[in-house]
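Printed here is final-v7.cif (mmCIF, C-alpha atoms):
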```cif
data_final
loop_
_atom_site.label_atom_id
_atom_site.label_comp_id
_atom_site.auth_asym_id
_atom_site.auth_seq_id
_atom_site.Cartn_x
_atom_site.Cartn_y
_atom_site.Cartn_z
CA MET Y 665 4.67 62.92 -11.73
CA ASN Y 666 7.27 65.13 -10.07
CA LYS Y 667 9.10 64.14 -6.89
CA VAL Y 668 10.55 66.37 -4.18
CA ILE Y 669 13.67 64.80 -2.67
CA THR Y 670 14.83 65.88 0.76
CA PRO Y 671 18.13 64.67 2.23
CA PHE Y 672 18.16 62.24 5.15
CA VAL Y 673 20.46 59.67 6.74
CA PRO Y 674 19.32 56.29 5.39
CA LYS Y 675 19.07 53.32 7.71
CA GLY Y 676 17.18 50.06 7.27
CA THR Y 677 16.68 46.99 5.12
CA ILE Y 678 15.46 46.59 1.54
CA ASN Y 679 14.50 43.33 -0.13
CA VAL Y 680 16.04 43.74 -3.58
CA PRO Y 681 13.58 42.93 -6.39
CA GLY Y 682 14.24 40.05 -8.76
CA SER Y 683 16.70 40.69 -11.57
CA LYS Y 684 15.09 42.23 -14.63
CA SER Y 685 17.67 40.64 -16.93
CA TYR Y 686 17.15 37.18 -15.44
CA SER Y 687 13.36 37.64 -15.45
CA HIS Y 688 13.36 38.19 -19.22
CA ARG Y 689 15.55 35.14 -19.75
CA TYR Y 690 13.69 32.75 -17.45
CA LEU Y 691 10.36 33.77 -18.98
CA ILE Y 692 11.69 33.00 -22.46
CA GLY Y 693 13.30 29.79 -21.19
CA SER Y 694 9.91 28.77 -19.78
CA PHE Y 695 8.38 29.34 -23.20
CA LEU Y 696 10.94 26.91 -24.68
CA SER Y 697 9.92 24.15 -22.30
CA ASP Y 698 7.22 21.57 -22.89
CA LYS Y 699 6.64 21.40 -19.13
CA LEU Y 700 4.70 23.58 -16.74
CA ILE Y 701 7.37 25.92 -15.30
CA THR Y 702 7.12 27.85 -12.03
CA LEU Y 703 9.16 31.04 -11.47
CA ASN Y 704 9.56 32.63 -8.05
CA ASN Y 705 10.59 36.22 -7.30
CA ILE Y 706 9.73 37.59 -10.73
CA TYR Y 707 9.56 41.37 -10.45
CA TYR Y 708 6.86 42.81 -12.69
CA SER Y 709 8.50 45.96 -14.00
CA ASN Y 710 7.18 47.41 -17.25
CA ASP Y 711 9.96 45.77 -19.29
CA VAL Y 712 9.26 42.33 -17.83
CA LEU Y 713 5.54 42.80 -18.40
CA ALA Y 714 6.31 43.57 -22.05
CA THR Y 715 8.10 40.22 -22.44
CA LEU Y 716 5.25 38.46 -20.65
CA SER Y 717 2.69 40.12 -22.92
CA CYS Y 718 4.58 39.13 -26.07
CA LEU Y 719 4.94 35.53 -24.92
CA ASN Y 720 1.22 35.49 -24.17
CA MET Y 721 0.49 36.69 -27.71
CA MET Y 722 2.74 33.90 -29.04
CA GLY Y 723 0.79 31.29 -27.08
CA GLY Y 724 2.43 31.16 -23.66
CA ARG Y 725 -0.21 30.56 -20.98
CA PHE Y 726 0.52 31.75 -17.47
CA GLU Y 727 -1.02 32.16 -14.04
CA ILE Y 728 0.20 34.47 -11.27
CA ASN Y 729 -0.73 33.60 -7.69
CA GLU Y 730 -1.06 35.84 -4.65
CA SER Y 731 2.67 35.60 -3.83
CA GLN Y 732 3.49 36.76 -7.37
CA THR Y 733 4.83 33.33 -8.37
CA ILE Y 734 4.16 32.67 -12.03
CA SER Y 735 3.41 29.35 -13.74
CA ILE Y 736 3.90 29.13 -17.50
CA LYS Y 737 2.90 26.57 -20.13
CA LYS Y 738 3.71 26.80 -23.85
CA ILE Y 739 0.85 26.47 -26.30
CA ILE Y 740 1.99 27.81 -29.67
CA LYS Y 741 -0.46 30.18 -31.30
CA GLU Y 742 -0.83 29.11 -34.91
CA SER Y 743 -1.02 31.95 -37.43
CA ASP Y 744 0.87 33.45 -40.36
CA SER Y 745 1.05 36.90 -38.79
CA ILE Y 746 1.50 38.41 -35.38
CA ILE Y 747 1.81 41.90 -33.88
CA LEU Y 748 3.89 42.14 -30.70
CA ASN Y 749 4.17 45.17 -28.43
CA ALA Y 750 7.62 45.51 -26.84
CA GLU Y 751 6.65 48.81 -25.19
CA GLU Y 752 10.07 50.34 -24.37
CA SER Y 753 11.96 47.09 -23.81
CA ALA Y 754 14.92 46.48 -26.12
CA SER Y 755 15.51 43.14 -24.35
CA THR Y 756 12.02 42.00 -25.30
CA LEU Y 757 12.38 42.94 -28.95
CA ARG Y 758 15.95 41.73 -29.47
CA MET Y 759 15.48 38.39 -27.73
CA LEU Y 760 12.04 37.53 -29.14
CA LEU Y 761 12.47 38.63 -32.75
CA PRO Y 762 14.37 35.43 -33.76
CA ILE Y 763 11.83 33.00 -32.23
CA SER Y 764 8.84 34.94 -33.56
CA SER Y 765 10.51 35.07 -37.00
CA PHE Y 766 10.74 31.28 -36.97
CA LEU Y 767 7.12 30.80 -35.88
CA TYR Y 768 5.40 33.48 -37.95
CA LYS Y 769 5.89 34.54 -41.55
CA ASN Y 770 4.85 38.11 -40.86
CA VAL Y 771 6.00 39.74 -37.63
CA THR Y 772 5.47 43.34 -36.56
CA PHE Y 773 6.96 44.72 -33.37
CA ILE Y 774 5.46 47.95 -32.12
CA GLY Y 775 6.30 49.99 -29.04
CA ASN Y 776 7.33 53.37 -27.73
CA LYS Y 777 9.01 55.62 -30.26
CA SER Y 778 12.17 55.82 -28.13
CA LEU Y 779 12.68 52.06 -28.51
CA PHE Y 780 13.07 52.36 -32.26
CA LEU Y 781 15.73 55.04 -31.92
CA ARG Y 782 18.05 52.43 -30.38
CA PRO Y 783 20.34 50.11 -32.40
CA LEU Y 784 18.08 47.30 -33.65
CA ASP Y 785 19.45 46.27 -37.04
CA ALA Y 786 21.88 43.51 -36.03
CA PHE Y 787 19.53 40.93 -37.57
CA LYS Y 788 19.21 42.77 -40.87
CA SER Y 789 22.09 40.93 -42.56
CA ILE Y 790 20.54 37.60 -41.55
CA PHE Y 791 17.20 38.55 -43.05
CA ASP Y 792 18.87 39.93 -46.18
CA LYS Y 793 20.66 36.61 -46.81
CA GLU Y 794 17.33 34.84 -46.48
CA LYS Y 795 15.71 37.37 -48.82
CA ILE Y 796 13.32 38.24 -46.00
CA HIS Y 797 11.92 41.74 -46.04
CA TYR Y 798 12.98 43.67 -42.93
CA GLU Y 799 12.00 47.28 -42.36
CA HIS Y 800 12.97 49.42 -39.38
CA LYS Y 801 10.40 52.22 -39.20
CA GLU Y 802 9.97 55.16 -36.86
CA ASN Y 803 7.44 53.32 -34.67
CA SER Y 804 7.84 49.66 -35.59
CA ILE Y 805 9.88 46.85 -37.09
CA GLU Y 806 8.34 44.63 -39.76
CA LYS Y 807 9.62 41.29 -40.99
CA ASN Y 808 8.05 39.25 -43.80
CA GLY Y 809 9.34 35.71 -44.41
CA LEU Y 810 10.38 32.61 -42.45
CA LEU Y 811 13.90 31.80 -41.25
CA SER Y 812 15.43 28.63 -42.64
CA MET Y 813 19.22 29.04 -42.43
CA LYS Y 814 21.44 26.69 -40.45
CA ILE Y 815 24.35 29.09 -39.95
CA PHE Y 816 23.74 32.58 -38.63
CA ASP Y 817 26.37 35.31 -38.51
CA CYS Y 818 25.19 37.62 -35.75
CA SER Y 819 26.71 40.97 -34.85
CA SER Y 820 27.02 41.58 -31.11
CA LYS Y 821 28.86 44.87 -31.41
CA THR Y 822 26.14 47.02 -29.87
CA SER Y 823 24.39 44.54 -27.58
CA SER Y 824 24.71 40.90 -26.52
CA GLN Y 825 20.90 40.72 -26.54
CA PHE Y 826 20.99 39.98 -30.28
CA MET Y 827 23.19 36.94 -29.68
CA SER Y 828 20.98 35.87 -26.77
CA GLY Y 829 17.99 35.94 -29.11
CA MET Y 830 19.75 33.63 -31.54
CA LEU Y 831 20.72 31.21 -28.76
CA PHE Y 832 17.10 31.05 -27.63
CA LEU Y 833 16.08 30.32 -31.23
CA ALA Y 834 18.56 27.44 -31.51
CA ALA Y 835 17.26 26.01 -28.24
CA PHE Y 836 13.64 26.50 -29.29
CA CYS Y 837 14.25 24.55 -32.51
CA ASN Y 838 16.43 22.01 -30.68
CA SER Y 839 18.56 22.17 -33.80
CA LYS Y 840 22.15 22.21 -34.98
CA TYR Y 841 21.99 25.89 -35.81
CA LYS Y 842 25.44 27.43 -35.72
CA ILE Y 843 25.71 31.03 -34.56
CA THR Y 844 28.93 32.77 -35.52
CA TYR Y 845 30.34 36.16 -34.64
CA SER Y 846 33.26 38.09 -36.06
CA GLU Y 847 33.41 40.93 -33.53
CA PRO Y 848 34.10 40.82 -29.78
CA ILE Y 849 30.93 40.20 -27.79
CA VAL Y 850 29.84 43.35 -25.97
CA SER Y 851 28.51 42.84 -22.43
CA ARG Y 852 29.74 39.25 -22.42
CA LYS Y 853 28.45 38.52 -18.91
CA TYR Y 854 24.88 39.13 -20.05
CA LEU Y 855 25.42 36.43 -22.67
CA ASP Y 856 26.78 34.18 -19.91
CA MET Y 857 23.52 34.80 -18.03
CA THR Y 858 21.60 33.59 -21.10
CA LEU Y 859 23.77 30.47 -21.33
CA LYS Y 860 23.19 29.80 -17.61
CA VAL Y 861 19.42 30.03 -18.02
CA LEU Y 862 19.50 27.77 -21.07
CA LYS Y 863 21.57 25.25 -19.13
CA ASP Y 864 19.01 25.35 -16.31
CA PHE Y 865 16.42 24.32 -18.91
CA GLY Y 866 18.65 21.51 -20.18
CA TYR Y 867 20.39 23.15 -23.17
CA SER Y 868 24.19 23.06 -23.31
CA PHE Y 869 26.00 25.12 -25.93
CA LYS Y 870 29.55 24.68 -27.17
CA GLU Y 871 31.59 27.78 -27.96
CA LEU Y 872 34.43 27.21 -30.41
CA ASP Y 873 36.18 29.37 -33.04
CA ASN Y 874 33.91 32.39 -32.58
CA SER Y 875 30.74 30.33 -32.80
CA PHE Y 876 28.06 28.72 -30.66
CA SER Y 877 26.25 25.48 -31.38
CA LEU Y 878 23.78 23.42 -29.38
CA GLU Y 879 25.69 20.45 -28.00
CA THR Y 880 23.21 18.57 -25.82
CA LYS Y 881 19.56 18.74 -24.75
CA GLU Y 882 18.61 17.04 -21.50
CA GLU Y 883 15.63 17.09 -19.20
CA PRO Y 884 15.98 19.98 -16.71
CA LYS Y 885 16.60 18.91 -13.12
CA THR Y 886 13.71 21.01 -11.85
CA SER Y 887 10.63 22.79 -13.15
CA GLU Y 888 10.81 25.55 -10.53
CA PHE Y 889 13.31 28.43 -10.50
CA THR Y 890 13.87 31.44 -8.24
CA ILE Y 891 15.08 34.73 -9.69
CA GLU Y 892 17.98 36.28 -7.79
CA GLY Y 893 18.02 39.95 -6.79
CA ASP Y 894 18.86 42.69 -9.29
CA TYR Y 895 22.30 44.26 -8.86
CA SER Y 896 21.50 47.01 -11.39
CA SER Y 897 18.68 48.24 -9.15
CA ALA Y 898 20.58 47.56 -5.92
CA ALA Y 899 23.57 49.60 -7.13
CA ASN Y 900 21.75 52.82 -6.28
CA PHE Y 901 21.31 51.81 -2.64
CA ILE Y 902 24.79 50.29 -2.47
CA VAL Y 903 26.31 53.64 -3.47
CA LEU Y 904 23.99 55.51 -1.09
CA GLY Y 905 24.98 53.29 1.84
CA ALA Y 906 28.68 53.62 1.07
CA LEU Y 907 28.38 57.42 1.25
CA LYS Y 908 25.76 57.96 3.94
CA GLY Y 909 24.05 55.95 6.69
CA GLU Y 910 23.76 52.19 6.94
CA ILE Y 911 21.77 49.97 4.58
CA THR Y 912 21.15 46.22 4.44
CA LEU Y 913 20.09 44.66 1.14
CA SER Y 914 18.60 41.16 1.12
CA ASN Y 915 18.15 38.74 -1.79
CA LEU Y 916 21.57 39.39 -3.37
CA ASN Y 917 23.63 36.43 -4.56
CA ALA Y 918 27.26 36.86 -3.46
CA GLU Y 919 28.35 34.61 -6.35
CA SER Y 920 26.22 36.31 -8.99
CA ILE Y 921 27.47 36.58 -12.57
CA GLN Y 922 25.35 39.69 -13.17
CA PRO Y 923 27.73 42.26 -14.69
CA ASP Y 924 26.66 45.01 -12.29
CA SER Y 925 27.67 42.93 -9.25
CA ILE Y 926 31.17 44.31 -9.98
CA ILE Y 927 30.11 47.39 -8.03
CA ILE Y 928 30.82 45.51 -4.79
CA LYS Y 929 34.41 44.85 -5.81
CA LEU Y 930 34.86 48.45 -6.94
CA LEU Y 931 33.52 49.94 -3.71
CA LYS Y 932 35.60 47.64 -1.53
CA SER Y 933 38.69 48.65 -3.50
CA ILE Y 934 38.14 52.32 -2.61
CA GLY Y 935 37.56 51.69 1.08
CA ALA Y 936 33.82 51.04 1.44
CA ASN Y 937 32.58 49.03 4.41
CA ILE Y 938 30.63 46.12 2.87
CA THR Y 939 29.95 42.69 4.33
CA TYR Y 940 27.93 39.68 3.09
CA ILE Y 941 25.84 37.69 5.60
CA ASN Y 942 23.41 34.96 4.48
CA ASN Y 943 22.47 36.33 1.06
CA CYS Y 944 22.39 39.89 2.41
CA ILE Y 945 24.89 42.69 2.12
CA LYS Y 946 25.38 45.39 4.71
CA ILE Y 947 26.83 48.73 3.62
CA SER Y 948 27.77 51.43 6.10
CA SER Y 949 29.31 54.75 5.23
CA VAL Y 950 32.93 55.62 5.92
CA ASN Y 951 34.82 58.87 5.51
CA ASN Y 952 37.42 59.46 2.83
CA LEU Y 953 36.57 56.95 0.11
CA LYS Y 954 39.34 56.97 -2.48
CA SER Y 955 38.92 58.33 -5.99
CA PHE Y 956 38.85 55.63 -8.62
CA ARG Y 957 39.41 54.66 -12.25
CA PHE Y 958 36.91 52.20 -13.69
CA ASN Y 959 35.81 50.99 -17.14
CA ILE Y 960 32.03 50.54 -17.42
CA ASP Y 961 31.98 49.01 -20.90
CA GLU Y 962 30.92 45.60 -19.53
CA SER Y 963 28.57 47.06 -16.90
CA ILE Y 964 27.14 50.03 -18.77
CA ASP Y 965 24.02 50.42 -16.57
CA LEU Y 966 26.26 51.47 -13.69
CA GLY Y 967 27.27 54.63 -15.56
CA PRO Y 968 24.86 57.19 -14.02
CA ILE Y 969 25.22 56.03 -10.41
CA LEU Y 970 29.02 55.81 -10.68
CA ILE Y 971 29.11 59.39 -11.92
CA VAL Y 972 27.16 60.31 -8.78
CA LEU Y 973 29.61 58.29 -6.68
CA ALA Y 974 32.59 60.10 -8.25
CA SER Y 975 30.94 63.47 -7.62
CA GLN Y 976 31.04 62.82 -3.87
CA ILE Y 977 34.67 61.68 -3.54
CA LYS Y 978 37.49 64.20 -3.22
CA GLY Y 979 40.02 64.09 -6.01
CA GLN Y 980 39.72 63.09 -9.63
CA SER Y 981 37.90 59.90 -10.62
CA ILE Y 982 37.96 58.58 -14.18
CA ILE Y 983 35.15 56.54 -15.69
CA GLU Y 984 36.09 54.90 -18.97
CA GLY Y 985 33.97 53.21 -21.64
CA VAL Y 986 31.20 55.83 -21.49
CA ASN Y 987 30.34 56.05 -25.20
CA ARG Y 988 27.73 53.27 -25.07
CA LEU Y 989 25.81 55.35 -22.53
CA LYS Y 990 24.69 57.40 -25.53
CA ILE Y 991 22.53 54.59 -26.99
CA LYS Y 992 20.36 53.69 -24.02
CA GLU Y 993 16.83 54.89 -23.14
CA SER Y 994 18.28 58.38 -23.35
CA ASP Y 995 21.76 59.62 -24.17
CA ARG Y 996 22.67 58.85 -20.59
CA LEU Y 997 26.05 60.53 -20.72
CA SER Y 998 24.53 63.80 -21.87
CA SER Y 999 21.46 63.43 -19.63
CA ILE Y 1000 23.28 62.94 -16.34
CA LEU Y 1001 25.87 65.61 -17.10
CA ILE Y 1002 23.27 68.20 -18.11
CA GLU Y 1003 21.46 67.65 -14.82
CA LEU Y 1004 24.44 67.45 -12.47
CA ASN Y 1005 25.95 70.49 -14.15
CA LYS Y 1006 23.00 72.43 -12.68
CA ALA Y 1007 24.28 71.54 -9.23
CA GLY Y 1008 27.88 72.44 -10.06
CA LEU Y 1009 29.51 69.15 -11.10
CA GLU Y 1010 33.08 69.66 -12.33
CA TYR Y 1011 33.96 67.28 -15.16
CA GLU Y 1012 35.62 66.88 -18.53
CA VAL Y 1013 34.77 64.37 -21.26
CA LYS Y 1014 37.69 63.11 -23.35
CA ASN Y 1015 37.09 60.54 -26.07
CA ASP Y 1016 35.53 57.53 -24.31
CA SER Y 1017 36.15 58.71 -20.72
CA ILE Y 1018 34.83 61.23 -18.24
CA TYR Y 1019 37.05 62.92 -15.65
CA ILE Y 1020 35.18 64.01 -12.54
CA GLN Y 1021 36.49 66.28 -9.80
CA GLY Y 1022 34.60 65.36 -6.66
CA LYS Y 1023 33.84 67.84 -3.91
CA GLU Y 1024 32.06 68.16 -0.57
CA SER Y 1025 29.03 70.26 -1.45
CA TYR Y 1026 26.77 71.17 -4.36
CA LYS Y 1027 23.99 73.63 -5.09
CA ASP Y 1028 20.52 72.56 -4.00
CA GLY Y 1029 17.03 73.74 -4.83
CA ILE Y 1030 17.57 72.28 -8.29
CA ILE Y 1031 14.78 71.17 -10.61
CA PHE Y 1032 16.11 68.08 -12.37
CA GLU Y 1033 14.66 66.49 -15.50
CA SER Y 1034 14.44 62.70 -15.69
CA HIS Y 1035 14.91 62.58 -19.49
CA ASN Y 1036 12.31 59.80 -19.28
CA ASP Y 1037 15.12 57.45 -18.20
CA HIS Y 1038 14.74 55.22 -15.16
CA ARG Y 1039 18.45 55.00 -14.37
CA ILE Y 1040 18.94 58.77 -14.65
CA THR Y 1041 16.00 59.28 -12.28
CA MET Y 1042 17.34 56.89 -9.66
CA ALA Y 1043 20.87 58.34 -9.86
CA LEU Y 1044 19.56 61.89 -9.46
CA THR Y 1045 17.50 60.77 -6.47
CA ILE Y 1046 20.58 59.35 -4.73
CA PHE Y 1047 22.55 62.52 -5.56
CA SER Y 1048 19.77 64.64 -4.04
CA ILE Y 1049 19.73 62.64 -0.79
CA LEU Y 1050 23.47 63.30 -0.48
CA THR Y 1051 23.09 67.09 -0.75
CA ASN Y 1052 22.24 69.57 2.01
CA GLY Y 1053 18.94 70.83 0.62
CA THR Y 1054 15.83 69.91 -1.31
CA ASN Y 1055 15.75 69.11 -5.03
CA THR Y 1056 12.90 68.20 -7.38
CA ILE Y 1057 12.92 65.60 -10.16
CA ASN Y 1058 10.32 65.89 -12.90
CA ASN Y 1059 8.57 62.92 -14.50
CA VAL Y 1060 9.84 60.20 -12.19
CA GLU Y 1061 7.26 57.61 -13.29
CA CYS Y 1062 9.84 56.30 -15.76
CA VAL Y 1063 11.28 54.20 -12.88
CA ASN Y 1064 8.40 51.81 -13.61
CA LYS Y 1065 10.47 50.49 -16.52
CA SER Y 1066 12.74 48.59 -14.13
CA TYR Y 1067 11.87 49.40 -10.50
CA PRO Y 1068 8.25 50.51 -9.86
CA THR Y 1069 8.69 50.37 -6.06
CA PHE Y 1070 11.96 52.33 -6.00
CA PHE Y 1071 10.53 55.32 -4.10
CA LEU Y 1072 8.54 53.10 -1.72
CA ASP Y 1073 11.71 51.17 -0.89
CA LEU Y 1074 13.59 54.43 -0.45
CA GLU Y 1075 11.07 55.54 2.17
CA LYS Y 1076 11.78 52.38 4.18
CA LEU Y 1077 15.23 53.83 4.85
CA ARG Y 1078 13.89 57.09 6.23
CA LYS Y 1079 13.83 56.51 9.99
#
```
Would you kindly transcribe this structure into structure tokens?
Amino acid sequence: MNKVITPFVPKGTINVPGSKSYSHRYLIGSFLSDKLITLNNIYYSNDVLATLSCLNMMGGRFEINESQTISIKKIIKESDSIILNAEESASTLRMLLPISSFLYKNVTFIGNKSLFLRPLDAFKSIFDKEKIHYEHKENSIEKNGLLSMKIFDCSSKTSSQFMSGMLFLAAFCNSKYKITYSEPIVSRKYLDMTLKVLKDFGYSFKELDNSFSLETKEEPKTSEFTIEGDYSSAANFIVLGALKGEITLSNLNAESIQPDSIIIKLLKSIGANITYINNCIKISSVNNLKSFRFNIDESIDLGPILIVLASQIKGQSIIEGVNRLKIKESDRLSSILIELNKAGLEYEVKNDSIYIQGKESYKDGIIFESHNDHRITMALTIFSILTNGTNTINNVECVNKSYPTFFLDLEKLRK
């Protein structure tokens, strides 16, 4: 599906959907529990549905009521072999491979071809030590053999999701597994989100000397949890409101540990008008936002929308830590630059940074390609609203991966 984007002055309120990252984690946490768990404000994007489908295949039983609240009960599916479809969700594959490898001797993960182009071999050394066959194919990953080790050395160089998967395994087994790491943990705050969810379910981990171990297991204080709003999705509207119009976003936790919540601090530092009121943020545009220098290594999903932000601010902005953009759903650095270059973006890439010279106006009448990447599509949409003419984005259905109602919510701002 192609989408024609016409500029307008946005004004209105959007209820931010539940966090995709937290949704994955609370679903898996529910699968760990022996109790019936209720989750509110789950947002059923394609990635979250992939995790739900895999948990269902592994024996998780769930019901979704009219208000989209989900109730989950674990009933392990007994078998030697299982085939799980992660679709395009790296979170699903990376966080469920350890548990499924403990439960089933033979595990095959299938999914979209693009998923298997991403870094997925962090567990290979673990399987090799166990003499477990592990094969990363063009369209699948296959593992043959059961895990039995007590100490796991897990690389987190490319994604903290691998480490999260091992923490979920330790909790699932309620064991004294020790998970060690020798390299700095990338995207540490996402790992902190995992630890928070595990704590909510009664699991406390101790981190000492580059290792994690399960310290205590207690009964959770509640069997019902509410997913907070997604800052990664909200970032697009936060940037839009800072540059044009006036937008209110509800369901955002002011104390969130989501890595992408840093965008509020960044925008305030360059002069944006942002206020929090009762779990809502109000953003209204101001003239003359200041150029900025920011490292996205710990909040990599902000990359595309921050490049759009920099394009609109006079002077030179510098975005550092951009290399990991190359290993997402698309090569996001190349994707966004190819597209914005069509409109006349002035930039220079040096090593791990991009230098952007912002300006007042850009070419319009552009036909943009989405590169089948949800975050590229949303960033290009915001860029197009900020221009003076109409642009078209091809193949926008990829937003379903994280934010299926993105364009419907956008229309709520068109008064």
Quiz item: Could you pull the residues within 8 Å of Lys1027 in chain Y, counting all atoms listed in the file, minus those fewer than 2 positions along the same chain, as a PyMOL selection string?
Solution: chain Y and resi 1006-1008+1025+1029-1030+1051
Write a file of the just-selected residues containing C-alpha atoms, as a compact mmCIF listing (two decimals), in the coordinates of the input.
```
# COMPACT_ATOMS: atom_id res chain seq x y z
CA LYS Y 1006 23.00 72.43 -12.68
CA ALA Y 1007 24.28 71.54 -9.23
CA GLY Y 1008 27.88 72.44 -10.06
CA SER Y 1025 29.03 70.26 -1.45
CA GLY Y 1029 17.03 73.74 -4.83
CA ILE Y 1030 17.57 72.28 -8.29
CA THR Y 1051 23.09 67.09 -0.75
```
Practice problem: Can you pull out every residue within 8 Å of Ile790 in chain Y, counting all atoms listed in the file, but drop anything in the same chain fewer than 3 positions away, and send it as a list in words? | Solution: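 In the requested form, the answer reads Phe787, Lys793, Glu794, Phe816, Asp817 and Cys818 of chain Y.
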Quiz item: For Leu761 in chain Y, which of Y:Met827, Y:Leu700, Y:Ile728, Y:Met665 is the closest residue, counting only C-alpha atoms?
Solution: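 Residue with the minimum atom-to-atom distance to Leu761 in chain Y: Y:Met827.
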Self-check item: Expansion of the PyMOL selection byres ((chain Y and resi 809) around 6) into residues, as a list in words
Solution: Lys769, Ile796, Asn808 and Leu810 of chain Y
Exercise. Evaluate the PyMOL selection byres ((chain Y and resi 899) around 8) here and jot the selected residues down as a PyMOL selection string.
Key: chain Y and resi 895-898+900-903+924+927+966+969
Self-check item: Option closest in space to Ser914 in chain Y, from Y:Ile945, Y:Ala786, Y:Val712, Y:Ile891 [counting only C-alpha atoms]
Solution: Y:Ile945
Quiz item: Could you spell out the hits of the PyMOL selection byres ((chain Y and resi 758) around 12) on the shown file, as number ranges by chain?
Solution: Y: 688-689, 692, 715, 750, 752-757, 759-765, 773, 779-780, 782-788, 805, 818, 820, 822-833
Self-check item: From Y:Lys795, Y:His1035, Y:Lys737, Y:Arg1078, residue lying nearest Ile1002 in chain Y [all atoms listed in the file]
Solution: Y:His1035
